[in-house]
Structure formats: structure tokens, C-alpha cells
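Novice: Mind looking over this structure? Questions follow.
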Amino acid sequence: MSDYTKDLMADVKAKNPAQPEFHQAVEEVIESLTIVLEKHPEYRSAKILERLIEPERVIMFRVPWVDEQGEIHINRGYRIEMNSAIGPYKGGLRFHPSVNLGILKFLAFEQVFKNSLTTLPMGGGKGGSDFDPKGKSDLKIMRFCQAFMSELFRHIGPNTDIPAGDIGVGGREIGYLFGQYKKLKNEFTGILTGKGLNWGGSLIRSEATGYGNVYFGAEMLATRDNTYEGKTCLVSGSGNVAQFTTEKILQLGGKVVTLSDSNGYIFDEEGIDEKKLAFVMNLKNVKRGRIKEYADEYKNAVFTPFDHNAEQNPLWDHKADCAFPSATQNEINEKDAQNLLNNGVIMVSEGANMPTTLDGAKLFLDNKILYGPAKAANAGGVAVSGLEMSQNSMRIPWSREEVDNRLQQIMKNIHTTCKDTAERFGTPGNYVNGANIGGFLKVADSMMDQGVV
Ligand code: NDP
């Protein structure tokens with residue numbers, strides 16, 4: 001890091017105390033951008049980085065709601081409108097008890113670069129609440145979503161800010177949020193993405209993040225004349241991203257042996273085939289059960305509970321070729337990264353946002369494995385959200401093949417951008433630099449064009 005970037009980082013920490021995830025996301029990007037700032041002092045004098053790390057707008061609000069027993073609950077709602085240089089704010093909503101300002105700022109910051117990489121005209125944003133949907137009745141979920149949208153609706157719009165899903169926000173929640181927006185505004189617009197197919201949703205949106213990540217991995221493997229055929233893969237999580245990552249790996253000839261939720265993980269040495277995956281999808285999306293039940297159903301599988309205070313995550317300590325972290329941030333630390341390397345993993349492609357700590361990522365880079373960082377590898381989700389917006393504007397839905405082909409092409413293009421940019425800036429094979437610099441340049445140049453705003 002140069003003196004300039006060191007000072008900048010110190011300033012970020014001083015101005016944003018108690019936001020370690022935000023510091024981490026900024027530090028990773030700043031490290032990559034050091035080379036760019038040396039070549040392009042104009043970005044430095046225009047204070048592009050200083051402006052990028054300051055959200056354009058932060059909205060925080062009270063979400064009061066009443067459950068079916070008449071009890072009143074108060075949650076906290078947020079929307080971070082991070083950067084609109086290349087398009088309206090776009091990014092998901094996360095409902096999880098761990099949600100706080102720092103976590104949403106890290107996610108919004110990452111989103112700016114990710115959206116830029118998709119080549120679609122989308123700025124970056126993120127939002128959510130500390131509400132925990134786990135185990136709650138549909139009625140509670142609906143009441144909460146309606147209360148949340150009763151405030152959020154005044155800040156968003158189809159040309160201003162278009163939220164989507166994330167952890168804890170799937171099709172059910174998007175439906176309730178959309179219904180309330182429509183009632184309050186009396187207009188039917190593409191205000192959210194991830195909508196149901198009957199009311200403006202896009203085919204392949206549910207699959208997009210997982211499929212896109214596996215497509216990105218295929219591109220990385222191809223650079224070493226390799227494919228998924230016969231590869232053993234570790235996948236974490238068991239939600240939207242994990243499910244469709246598993247589905248696509250199976251279709252491309254690989255074997256998935258793990259899945260998890262916040263209570264623990266299952267290891268199925270024989271592999272999770274299509275029938276078992278259908279069981280997981282029903283368990284998680286319909287019954288809303290726990291991954292432990294997989295081991296009750298399939299006796300050969302082993303369930304191991306997580307000890308969240310342990311030094312390492314045992315899920316990452318199995319013999320494998322590829323790993324797809326698809327649960328949450330910082331689920332691979334330095335020790336886990338070392339375990340993955342010791343177990344023969346040649347590729348890590350990130351479905352979750354920032355699932356690897358800075359130390360862990362450094363190990364992957366130093367060992368020159370294929371390491372696809374989240375803002376490139378999981379950009380398929382927001383890319384198809386962008387395609388959903390296009391279909392809404394045209395009022396014409398595209399076929400499954402059309403959307404899937406576009407998704408594949410977008411993931412190919414993102415891969416090429418990352419690979420070529422890394423080479424151009426003297427760090428061939430470093431997809432972290434490629435993604436950060438590739439995403440940055442378009443946003444930075446747009447900010448330069450638009451003046452100090
Ligand atoms: P889901 O809510 O569908 O699934 C999340 C999964 O991760 C669940 O299995 C959940 O377990 C587990 N999980 C969540 N928090 C934790 C935690 N603190 N510790 C351990 N496990 C945890 O979310 P998604 O699949 O949509 O999102 C997963 C990741 O992918 C997130 O990082 C998200 O930001 C990222 N992402 C998602 C996109 C999308 O289109 N959905 C797009 C791009 C990135 P449990 O049920 O026990 O909470």
C-alpha cells in the first residue's frame with residue numbers, strides 16, 4: 001500500500017468505527033487499486049476513491065409491526081444508496097439478525113464494482129433489516145414485509161433504486177414487499193427484481209447466482225484446460241445460491257459432497273444427486289427445515305454441528321477439487337484456506353459475498369490456485385436482475401434459453417474482463433485485482449464525466 005492509500009484506510013477506520021466488514025471490503029479494493037492510482041493520478045486528484053467509499057445516501061428507519069398474538073415488535077430497516085454513477089441503485093435486501101450498518105455498507109460497496117462488471121447500467125445499493133424470518137409464520141413475514149415497505153417505498157422507484165433478494169429474502173418476501181409497494185403507489189412497475197413469473201419476474205432469476213458462479217468457474221478451469229467432469233466440490237449454505245450451484249455442478253459432471261446452514265453441515269461422500277437435491281429444495285424452500293434432516297433421510301450422510309467459536313470450519317477440511325462458499329461473509333479464514341489447499345483444492349469460486357477473509361484470500365493468491373472473488377463470480381444474480389428490468393421496461397418476457405444464454409455470455413465477458421485487466425496491470429491470474437480494477441474503471445470514468453456531485 002502507498003502512503004496515500006494507508007492514510008485513506010486509516011481515515012475509513014476512524015470515520016466508520018465498529019464496521020469491520022466495511023473496512024475489510026474497502027481494504028481489499030484499495031490494495032488492488034494502488035497500481036491504478038500510480039498510473040492515473042487524475043483519479044487521485046478528483047478524489048474518486050474518497051467519494052466511492054462515502055455512500056451517496058444512507059436511510060435508516062423504524063419498522064414497527066404487530067404479530068398475530070397482538071404483540072408489537074420493533075426492527076430496524078436500512079437502505080444504503082452507495083453509488084449511482086452508471087445507473088439507478090441496485091442491490092438486494094437482507095433479513096438476518098446479524099444485519100447492521102457496517103455489513104450493509106460492505107455489501108453496497110461491493111455491489112458497485114460487481115454491477116459495473118456485468119456491463120449493465122446499474123449503480124450499487126444494499127438494504128435490509130435485523131428481522132429474523134427463520135421459523136416465523138407466513139403471516140408474521142407478511143406483516144413485517146408490509147411494515148418495512150411502508151417506509152422504504154418513498155425512497156425507491158424503477159428509475160431510482162430497485163432492490164432484490166439476499167439472505168432471508170426469497171420469492172415469498174419479494175411477493176409481500178411488491179404487493180405493499182403496489183398498494184401504496186397505485187402503480188405496477190418493475191420496482192423489485194426476483195419477482196414471481198406471473199407478475200413480472202424473469203425466468204432463470206432464481207437460478208442465476210448459483211448457475212453464474214458455476215459458469216464463471218468453468219471459464220477459470222478452461223484457462224488450465226480443465227472441466228468439472230469428475231471433480232469433487234464442497235458447497236456451503238443450502239439456500240438459493242447453494243441449491244442452484246449444486247444443480248449446475250451436477251449438470252456439468254461434478255460431484256457435490258457438502259451443504260450447510262447456520263447450525264451445521266452435512267457430508268455425503270456418495271454425492272448429492274438430483275433426487276437428494278430435490279429433497280433439499282423441498283426441505284429448505286417449502287418445509288423451511290434444517291439441513292440436519294438430510295442426514296436423517298440419507299443415512300450414509302454425516303451431520304456435524306458448527307461450533308461458531310472454533311478456529312476452523314470443518315466443512316472446508318475434506319478432500320476436494322473445487323470449493324463454492326455460498327452461505328455468508330468470512331466463512332473461510334486463513335486456517336480454512338490452508339485446509340482447502342492441503343486437501344488439494346485447485347479452484348475457489350465465491351457465491352457468497354466476501355466469504356473469505358483477507359488472510360485467506362492472500363493464501364489462495366500466493367498459491368496461485370484459481371480464485372474467483374465474489375464480485376465477479378456471483379455477479380450472475382444481479383445480471384439477471386438487470387435482464388428482468390429490461391424485460392419489465394419492454395413488457396416482453398424472454399424464454400428460459402434466451403436468459404440463460406445471456407447469463408452465460410455475461411459470465412464469460414466478466415471472466416475475460418477480469419483476466420485481461422489483471423494481465424494489463426501486471427498481475428496475470430489475479431482475478432481479485434482484475435475484478436476490482438475492471439469494476440472500478442467504468443465507475444471512476446463516469447464519475448469524472450459527471451463532475452463533483
Ligand atoms: P439464503 O437465505 O437463501 O441462504 C443463506 C444460507 O446461508 C442458508 O443456508 C443459511 O443458513 C446460511 N447462513 C446465513 N447466514 C449464516 C451464518 N451467519 N452462518 C452460517 N450460515 C449462514 O441466501 P442466499 O443463498 O440468497 O445468499 C447466500 C450468499 O450469497 C450471501 O452471502 C448473499 O449475499 C450472496 N448472494 C446472493 C445473491 C442472490 O441472488 N440471492 C446474489 C449474490 C450474492 P440458515 O438458514 O441457518 O440461516
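A note on labels: chains of the C-alpha cells are A, B, ... as shown, every chain counts residues from 1, and ligands are counted from 1 in their shown order.
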Would you tabulate, counting only C-alpha atoms and all ligand atoms, all residues of chain A that have an atom at most 6 Å from an atom of ligand 1, showing the closest pair of atoms and their distance in Å to one decimal, sorted by chain then ascending number, as JSON lines?

Specialist:
{"residue": "A:Gly165", "atom": "CA", "partner": "ligand 1", "partner_atom_place_in_ligand_line": "41 (N)", "distance": 5.7}
{"residue": "A:Asp166", "atom": "CA", "partner": "ligand 1", "partner_atom_place_in_ligand_line": "26 (O)", "distance": 4.3}
{"residue": "A:Ile167", "atom": "CA", "partner": "ligand 1", "partner_atom_place_in_ligand_line": "2 (O)", "distance": 3.4}
{"residue": "A:Gly168", "atom": "CA", "partner": "ligand 1", "partner_atom_place_in_ligand_line": "2 (O)", "distance": 4.0}
{"residue": "A:Thr209", "atom": "CA", "partner": "ligand 1", "partner_atom_place_in_ligand_line": "40 (O)", "distance": 5.1}
{"residue": "A:Gly237", "atom": "CA", "partner": "ligand 1", "partner_atom_place_in_ligand_line": "9 (O)", "distance": 3.8}
{"residue": "A:Ser238", "atom": "CA", "partner": "ligand 1", "partner_atom_place_in_ligand_line": "9 (O)", "distance": 3.9}
{"residue": "A:Gly239", "atom": "CA", "partner": "ligand 1", "partner_atom_place_in_ligand_line": "3 (O)", "distance": 3.3}
{"residue": "A:Asn240", "atom": "CA", "partner": "ligand 1", "partner_atom_place_in_ligand_line": "25 (O)", "distance": 3.8}
{"residue": "A:Val241", "atom": "CA", "partner": "ligand 1", "partner_atom_place_in_ligand_line": "25 (O)", "distance": 3.9}
{"residue": "A:Ala242", "atom": "CA", "partner": "ligand 1", "partner_atom_place_in_ligand_line": "25 (O)", "distance": 5.9}
{"residue": "A:Ser260", "atom": "CA", "partner": "ligand 1", "partner_atom_place_in_ligand_line": "9 (O)", "distance": 5.9}
{"residue": "A:Asp261", "atom": "CA", "partner": "ligand 1", "partner_atom_place_in_ligand_line": "11 (O)", "distance": 3.5}
{"residue": "A:Ser262", "atom": "CA", "partner": "ligand 1", "partner_atom_place_in_ligand_line": "20 (C)", "distance": 3.5}
{"residue": "A:Asn263", "atom": "CA", "partner": "ligand 1", "partner_atom_place_in_ligand_line": "47 (O)", "distance": 5.9}
{"residue": "A:Ser326", "atom": "CA", "partner": "ligand 1", "partner_atom_place_in_ligand_line": "29 (C)", "distance": 5.0}
{"residue": "A:Ala327", "atom": "CA", "partner": "ligand 1", "partner_atom_place_in_ligand_line": "7 (O)", "distance": 3.4}
{"residue": "A:Thr328", "atom": "CA", "partner": "ligand 1", "partner_atom_place_in_ligand_line": "32 (O)", "distance": 3.9}
{"residue": "A:Gln329", "atom": "CA", "partner": "ligand 1", "partner_atom_place_in_ligand_line": "32 (O)", "distance": 5.8}
{"residue": "A:Gly351", "atom": "CA", "partner": "ligand 1", "partner_atom_place_in_ligand_line": "30 (O)", "distance": 5.3}
{"residue": "A:Ala352", "atom": "CA", "partner": "ligand 1", "partner_atom_place_in_ligand_line": "32 (O)", "distance": 3.4}
{"residue": "A:Asn353", "atom": "CA", "partner": "ligand 1", "partner_atom_place_in_ligand_line": "32 (O)", "distance": 4.2}
{"residue": "A:Asn378", "atom": "CA", "partner": "ligand 1", "partner_atom_place_in_ligand_line": "43 (C)", "distance": 5.1}
{"residue": "A:Gly381", "atom": "CA", "partner": "ligand 1", "partner_atom_place_in_ligand_line": "40 (O)", "distance": 4.4}

Novice: Among stretch 257-369 of chain A, which residues does DSSP mark as alpha helix (DSSP H) when it is run on the backbone? Keep the chain and numbering as in the structure and answer as a ChimeraX atom specification.

Specialist: /A:274-281,292-297,334-342,358-366

Novice: For N, CA and C atoms, I'd like the residues from the last selection saved as a compact mmCIF listing (two decimals), in the first residue's frame.

Specialist:
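So result20.txt came out as:
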# COMPACT_ATOMS: atom_id res chain seq x y z
N GLU A 274 -29.46 -35.66 -8.06
CA GLU A 274 -30.63 -34.80 -8.34
C GLU A 274 -31.78 -35.07 -7.38
N LYS A 275 -31.96 -36.36 -7.04
CA LYS A 275 -33.07 -36.72 -6.15
C LYS A 275 -32.83 -36.11 -4.75
N LYS A 276 -31.59 -36.23 -4.29
CA LYS A 276 -31.27 -35.68 -2.96
C LYS A 276 -31.37 -34.15 -2.97
N LEU A 277 -30.99 -33.55 -4.10
CA LEU A 277 -31.09 -32.09 -4.20
C LEU A 277 -32.57 -31.66 -4.16
N ALA A 278 -33.43 -32.43 -4.81
CA ALA A 278 -34.87 -32.12 -4.78
C ALA A 278 -35.36 -32.18 -3.33
N PHE A 279 -34.84 -33.15 -2.57
CA PHE A 279 -35.20 -33.25 -1.15
C PHE A 279 -34.77 -31.98 -0.40
N VAL A 280 -33.54 -31.51 -0.69
CA VAL A 280 -33.03 -30.30 -0.02
C VAL A 280 -33.89 -29.08 -0.39
N MET A 281 -34.24 -28.97 -1.66
CA MET A 281 -35.03 -27.81 -2.10
C MET A 281 -36.40 -27.80 -1.41
N LYS A 292 -29.79 -30.56 8.94
CA LYS A 292 -29.60 -31.78 9.74
C LYS A 292 -30.55 -32.90 9.28
N GLU A 293 -31.74 -32.51 8.83
CA GLU A 293 -32.75 -33.50 8.43
C GLU A 293 -32.30 -34.30 7.20
N TYR A 294 -31.34 -33.78 6.46
CA TYR A 294 -30.79 -34.52 5.31
C TYR A 294 -30.16 -35.83 5.80
N ALA A 295 -29.42 -35.72 6.92
CA ALA A 295 -28.74 -36.91 7.44
C ALA A 295 -29.75 -37.89 8.06
N ASP A 296 -30.92 -37.40 8.47
CA ASP A 296 -31.97 -38.31 8.96
C ASP A 296 -32.55 -39.09 7.77
N GLU A 297 -32.64 -38.42 6.63
CA GLU A 297 -33.24 -39.04 5.44
C GLU A 297 -32.24 -39.98 4.74
N GLU A 334 -8.08 -17.92 7.42
CA GLU A 334 -6.76 -18.35 6.94
C GLU A 334 -6.56 -19.85 7.13
N LYS A 335 -7.00 -20.35 8.29
CA LYS A 335 -6.84 -21.78 8.60
C LYS A 335 -7.66 -22.63 7.62
N ASP A 336 -8.90 -22.18 7.37
CA ASP A 336 -9.75 -22.91 6.42
C ASP A 336 -9.11 -22.90 5.02
N ALA A 337 -8.57 -21.74 4.65
CA ALA A 337 -7.94 -21.63 3.33
C ALA A 337 -6.78 -22.61 3.24
N GLN A 338 -5.99 -22.71 4.32
CA GLN A 338 -4.86 -23.65 4.33
C GLN A 338 -5.37 -25.09 4.23
N ASN A 339 -6.46 -25.38 4.96
CA ASN A 339 -7.04 -26.73 4.88
C ASN A 339 -7.47 -27.05 3.45
N LEU A 340 -8.10 -26.08 2.78
CA LEU A 340 -8.54 -26.32 1.40
C LEU A 340 -7.34 -26.63 0.51
N LEU A 341 -6.28 -25.86 0.68
CA LEU A 341 -5.08 -26.09 -0.14
C LEU A 341 -4.48 -27.47 0.17
N ASN A 342 -4.41 -27.81 1.47
CA ASN A 342 -3.83 -29.10 1.86
C ASN A 342 -4.65 -30.27 1.31
N LEU A 358 -9.30 -11.57 4.45
CA LEU A 358 -8.16 -11.06 3.67
C LEU A 358 -6.97 -12.02 3.72
N ASP A 359 -6.71 -12.59 4.91
CA ASP A 359 -5.59 -13.54 5.05
C ASP A 359 -5.82 -14.79 4.23
N GLY A 360 -7.06 -15.25 4.24
CA GLY A 360 -7.41 -16.45 3.47
C GLY A 360 -7.21 -16.20 1.98
N ALA A 361 -7.68 -15.05 1.52
CA ALA A 361 -7.58 -14.72 0.09
C ALA A 361 -6.11 -14.63 -0.32
N LYS A 362 -5.29 -14.08 0.58
CA LYS A 362 -3.88 -13.93 0.26
C LYS A 362 -3.24 -15.31 0.03
N LEU A 363 -3.63 -16.27 0.87
CA LEU A 363 -3.10 -17.63 0.70
C LEU A 363 -3.47 -18.21 -0.66
N PHE A 364 -4.73 -18.00 -1.07
CA PHE A 364 -5.16 -18.51 -2.38
C PHE A 364 -4.32 -17.87 -3.50
N LEU A 365 -4.12 -16.55 -3.37
CA LEU A 365 -3.38 -15.83 -4.42
C LEU A 365 -1.91 -16.27 -4.43
N ASP A 366 -1.32 -16.38 -3.23
CA ASP A 366 0.09 -16.78 -3.15
C ASP A 366 0.30 -18.17 -3.74

Novice: Run DSSP on the backbone of this structure and report the residues of stretch 305-347 of chain A it assigns to strand (DSSP E or B), as number ranges by chain.

Specialist: A: 305, 322-324, 332, 347

Novice: For A:Phe216, find every residue with an atom within 8 Å (counting only C-alpha atoms), except residues of its own chain fewer than 2 positions away, and show them as a VMD selection string.

Specialist: chain A and resid 212 to 214 218 to 220 349 372 377 411 to 412 415

Novice: Any chance you could export the current selection's C-alpha atoms as a PDB file, in the first residue's frame?

Specialist:
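And here's out_23.pdb as it stands now:
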ATOM      1  CA  GLY A 212     -23.487 -17.901 -12.936  1.00  0.00           C
ATOM      2  CA  ASN A 213     -20.896 -18.858 -10.340  1.00  0.00           C
ATOM      3  CA  VAL A 214     -20.502 -22.325 -11.846  1.00  0.00           C
ATOM      4  CA  ALA A 218     -15.890 -23.251 -15.847  1.00  0.00           C
ATOM      5  CA  GLU A 219     -14.175 -20.303 -17.524  1.00  0.00           C
ATOM      6  CA  MET A 220     -11.420 -20.315 -14.891  1.00  0.00           C
ATOM      7  CA  SER A 349     -15.301 -19.598  -6.705  1.00  0.00           C
ATOM      8  CA  GLY A 372     -12.766 -16.188  -8.329  1.00  0.00           C
ATOM      9  CA  ALA A 377     -18.095 -14.890  -9.604  1.00  0.00           C
ATOM     10  CA  MET A 411     -20.240 -14.516 -17.119  1.00  0.00           C
ATOM     11  CA  LYS A 412     -17.817 -15.176 -19.998  1.00  0.00           C
ATOM     12  CA  HIS A 415     -14.205 -13.526 -16.780  1.00  0.00           C
TER      13      HIS A 415
END

Novice: Go through stretch 327-379 of chain A residue by residue and, counting only C-alpha atoms, keep those with an atom at most 7 Å from stretch 113-132 of chain A; for each kept residue give the shortest atom pair and its distance in Å to one decimal, ordered by chain and increasing number, as CSV.

Specialist:
residue,atom,partner,partner_atom,distance
A:Lys375,CA,A:Lys114,CA,4.6
A:Ala376,CA,A:Lys114,CA,6.1
A:Ala379,CA,A:Lys114,CA,5.9

Novice: Return the single residue from A:Phe425, A:Leu104, A:Asp3, A:Arg143 that is closest to A:Gly70, with distances computed using only C-alpha atoms.

Specialist: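 Closest residue, counting only C-alpha atoms: A:Arg143.
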
Novice: Point out the residue among A:Arg172, A:Lys90, A:Lys284, A:Lys183 with the least atom-to-atom distance to A:Pro158, counting only C-alpha atoms.

Specialist: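 Nearest to A:Pro158: A:Lys90.
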
Novice: List the neighbours of A:Thr304 out to 9 Å using only C-alpha atoms; skip same-chain residues closer than 5 positions along the sequence, and give me the result as a list in words.

Specialist: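 In the requested form, the answer reads Asn263, Gly264, Tyr265, Ile266, Phe267, Lys292, Pro314 and Leu315 of chain A.
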
Novice: Just the residues within 8 Å of A:Ile191, please, counting only C-alpha atoms, with nothing from its chain fewer than 4 positions along; format it as a count of residues only.

Specialist: 7

Novice: Nearest to A:Gly438 among A:Asn186, A:Gln391, A:Ser32, A:Thr232, with distances taken over only C-alpha atoms: which residue is it?

Specialist: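 Closest candidate: A:Ser32.
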
Novice: Write out as a ChimeraX atom specification each polymer residue whose atoms come within 12 Å of A:Leu139, counting only C-alpha atoms; drop sequence neighbours fewer than 4 positions from it.

Specialist: /A:65-69,133,135,143-146,172-173,176

Novice: Those same residues - C-alpha atoms - I'd like them written as an mmCIF file, in the first residue's frame.

Specialist:
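In the end it all went to result_30.cif:
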data_model
loop_
_atom_site.group_PDB
_atom_site.id
_atom_site.type_symbol
_atom_site.label_atom_id
_atom_site.label_comp_id
_atom_site.auth_asym_id
_atom_site.auth_seq_id
_atom_site.Cartn_x
_atom_site.Cartn_y
_atom_site.Cartn_z
ATOM 1 C CA TRP A 65 -45.205 -4.397 13.300
ATOM 2 C CA VAL A 66 -47.813 -6.405 15.190
ATOM 3 C CA ASP A 67 -47.863 -10.227 15.221
ATOM 4 C CA GLU A 68 -50.927 -12.494 15.267
ATOM 5 C CA GLN A 69 -50.929 -12.518 19.101
ATOM 6 C CA PRO A 133 -37.507 -14.715 9.276
ATOM 7 C CA GLY A 135 -39.169 -20.242 11.885
ATOM 8 C CA ARG A 143 -46.780 -8.166 8.315
ATOM 9 C CA PHE A 144 -43.103 -7.433 8.664
ATOM 10 C CA CYS A 145 -42.602 -7.038 4.895
ATOM 11 C CA GLN A 146 -45.574 -4.670 4.700
ATOM 12 C CA ARG A 172 -42.144 -15.155 -0.638
ATOM 13 C CA GLU A 173 -40.717 -11.941 0.828
ATOM 14 C CA TYR A 176 -45.200 -9.369 0.052
#

Novice: Need to verify the contact set: A:Asn16, 12 Å, only C-alpha atoms, exclusion of same-chain residues closer than 2 positions in sequence. Can you return it as a list of chain:residue names?

Specialist: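 The filter keeps A:Met9, A:Ala10, A:Asp11, A:Val12, A:Lys13, A:Ala14, A:Ala18, A:Gln19, A:Pro20, A:Glu21, A:Phe22, A:His23, A:Gln24, A:Val26, A:Ile53, A:Glu54, A:Pro55, A:Leu101, A:Gly102, A:Ile103, A:Lys105, A:Phe106.
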
Novice: Include C-alpha atoms and write out the residues we just selected as a compact mmCIF listing (two decimals), in the first residue's frame.

Specialist:
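Okay, this is what ended up in result.txt:
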# COMPACT_ATOMS: atom_id res chain seq x y z
CA MET A 9 -7.60 3.37 5.10
CA ALA A 10 -6.83 4.96 8.48
CA ASP A 11 -9.44 7.60 7.71
CA VAL A 12 -12.05 4.96 6.78
CA LYS A 13 -11.46 3.21 10.11
CA ALA A 14 -11.61 6.45 12.11
CA ALA A 18 -17.22 -0.69 14.60
CA GLN A 19 -17.74 -1.56 10.94
CA PRO A 20 -15.05 -4.25 10.45
CA GLU A 21 -16.70 -5.82 7.38
CA PHE A 22 -16.81 -2.44 5.65
CA HIS A 23 -13.12 -1.84 6.47
CA GLN A 24 -12.26 -5.27 5.07
CA VAL A 26 -12.55 -1.28 1.30
CA ILE A 53 -16.28 4.98 0.00
CA GLU A 54 -18.83 7.54 1.15
CA PRO A 55 -22.41 6.36 0.42
CA LEU A 101 -24.98 -0.64 9.13
CA GLY A 102 -21.40 -1.88 8.61
CA ILE A 103 -22.45 -5.17 6.99
CA LYS A 105 -22.20 -0.81 3.73
CA PHE A 106 -19.71 -3.54 2.84
